[in-house]
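Read the structure below first, then the notes.
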Amino acid sequence: MTSSSPTENSLRWAPWWVLAFVALWPLHGPAELVLSLGALATLAVLAMSRFRGGMSLLSHEAWALTSVLFCAYWVPELVSSIDAVDAGRALRESLVDLRYLPFLWLVAMAVADERGRRLTFGGIAVIASLWVADGLVQATTGWSLGGPATADRLSGVFGAENLKLGLVLASLAPFPLAAASQRFGLVGWLLMAAALVVVVLLAGARASWLTLGLVLVFSGWRLLGSKRAMLVLGLGGALLFALSMTLSDKLQERVERTEAALNGGTKGLDHALSGRLPIWQAAWNMALAHPVNGVGVRGFRQAYPEHAVEGDPWLQDAEHGAGYHAHQIVLEVLSETGLVGLLLWLGGVALAWRAWRFATSEARARAHAPALALMVTVFPLNTHLAFYSTFWGGLTLLLAALYAGSLLATPNRAAG
């Protein structure tokens with residue numbers, strides 16, 4: 001039995017801080033405050049110990065991977081600000097986002113031992129499960145902790161003005177699925193999967209349908225094996241989908257919109273994609289016009305009119321105005337940070353994959369839930385929220401730090 005260092009003892013609160021951040025996501029301001037205070041507290045603890053004992057908190061490899069993944073996200077921001085369409089905002093965003101680095105260290109430290117992983121992963125599973133239960137209540141009664149549902153879709157604890165429920169639950173789905181299977185076996189996994197499918201379908205964001213589908217395929221494959229997983233997911237998914245279609249007119253409309261892509265032609269595809277083709281064309285035009293470092297982080301909306309094609313409906317829409325962001329990770333990185341950004345992002349992906357490839361089977365098992373969550377969140381063949389926005393960027397970086405910290409846990413702390 002090894003003794004704990006003072007620095008290690010002073011950061012035993014780290015898992016609870018991470019859980020507070022996640023639990024407050026429906027409340028944007030308080031969540032941001034928790035993030036910032038956590039970053040400052042981490043720097044203070046490390047400074048007081050003069051960074052001695054750092055290796056008792058994280059392995060060399062975990063320190064390195066966490067920091068590199070942050071840099072793959074942050075350096076493109078800084079480089080994009082050099083000649084951005086709104087250089088002041090781009091530089092300000094990059095400076096503000098420096099707080100993510102110590103917070104990511106805190107997150108990685110939170111899952112560097114067995115106790116921390118149990119608290120953090122289990123806590124995220126509980127939070128996500130409560131949000132699922134709240135969504136089911138809203139589906140049956142019209143009310144949730146976030147208020148009444150809109151006529152359009154489930155909003156859950158996030159509220160009708162912040163329709164992120166399906167997207168968030170789909171990205172976090174590996175945690176409640178893993179917890180349910182560990183505690184209740186196959187039956188627990190199936191019940192949790194069914195509840196997630198119903199809530200995510202009725203939450204309406206079709207990007208979340210694909211995200212959750214990927215989670216269920218990989219999670220089910222690991223639990224059931226390939227043939228049984230395909231059979232269970234195929235039959236169960238079809239049944240739940242048919243039931244949800246019967247209960248929700250709006251879901252039927254979204255399915256019909258998706259089917260428009262099969263009719264052929266640009267108009268049908270654009271209708272199926274909710275009018276995103278002009279936005280993607282404008283993003284591509286930005287990337288071509290600013291190939292090195294893009295138009296600048298968060299400069300997409302300001303640059304949009306200059307690069308939109310003639311007759312772009314988003315320019316004529318008085319209610320919504322121009323596209324706010326590219327709605328697709330590769331186009332967002334290319335248009336806002338250029339080839340510099342894309343190469344750095346790909347470098348981060350390559351190093352994350354390399355760490356997984358050379359990890360032991362025990363390490364992979366520890367990191368399976370955050371690895372799957374991170375993979376489906378950045379899956380490129382989908383539509384996305386803005387990764388350089390505060391909310392979605394924070395969620396993605398959190399998953400990256402959970403992955404790095406659990407996969408590369410300090411050897412003498414990995415077992416607790």
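Each chain of the structure tokens is named A, B, ... in the order shown, its residues numbered from 1; ligands are numbered from 1 in display order.
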So that I can see what lies close to A:Ala170, please list as a VMD selection string the residues with an atom at most 8 Å from it, counting only C-alpha atoms and leaving out residues fewer than 2 positions away in the same chain.
chain A and resid 166 to 168 172 to 173 196 200 208 to 209 211 to 212 215
Helix (DSSP H, G or I) call set, DSSP backbone run, stretch 92-163 of chain A, as number ranges by chain:
A: 92-110, 114-141, 156-158
Using only C-alpha atoms, which protein or nucleic acid residues come within 12 Å of stretch 339-347 of chain A? Drop anything in the same chain fewer than 4 positions from it, and give the result as a ChimeraX atom specification.
/A:65,68-81,286-297,329-335,351-354,378,380,387-388
Give me the residues of stretch 142-196 of chain A that have any atom at most 8 Å from an atom of stretch 130-138 of chain A; for each, the nearest atom pair and the distance in Å, rounded to one decimal. Use only C-alpha atoms, sort by chain and number, and format it as a Markdown table.
| residue | atom | partner | partner_atom | distance |
| --- | --- | --- | --- | --- |
| A:Gly142 | CA | A:Gln138 | CA | 4.4 |
| A:Trp143 | CA | A:Gln138 | CA | 4.5 |
| A:Ser144 | CA | A:Gln138 | CA | 5.0 |
| A:Leu145 | CA | A:Asp134 | CA | 6.9 |
| A:Pro148 | CA | A:Gln138 | CA | 7.5 |
| A:Ala149 | CA | A:Gln138 | CA | 6.7 |
| A:Leu154 | CA | A:Gly135 | CA | 6.8 |
| A:Ser155 | CA | A:Gly135 | CA | 7.4 |
| A:Gly156 | CA | A:Gly135 | CA | 5.0 |
| A:Val157 | CA | A:Trp131 | CA | 6.6 |
| A:Leu169 | CA | A:Val132 | CA | 7.7 |
| A:Ala195 | CA | A:Val132 | CA | 6.9 |
| A:Leu196 | CA | A:Val132 | CA | 6.5 |
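For A:Thr377, the non-local neighbours within 8 Å, defined as residues at least 4 positions apart in the same chain or in other chains and counting only C-alpha atoms, are Ser171, Thr211, Ala373 and Thr396 of chain A.
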Quick one: distance from atom CA of A:Asp86 to atom CA of A:Leu381 in Å, one decimal?
29.2 Å
Might you pull out every residue within 12 Å of A:Ala20, with only C-alpha atoms counted and same-chain residues fewer than 3 positions away left off, and present them as a VMD selection string?
chain A and resid 13 to 17 23 to 27 30 to 35 37 to 38 107 119 to 120 123 to 124 127
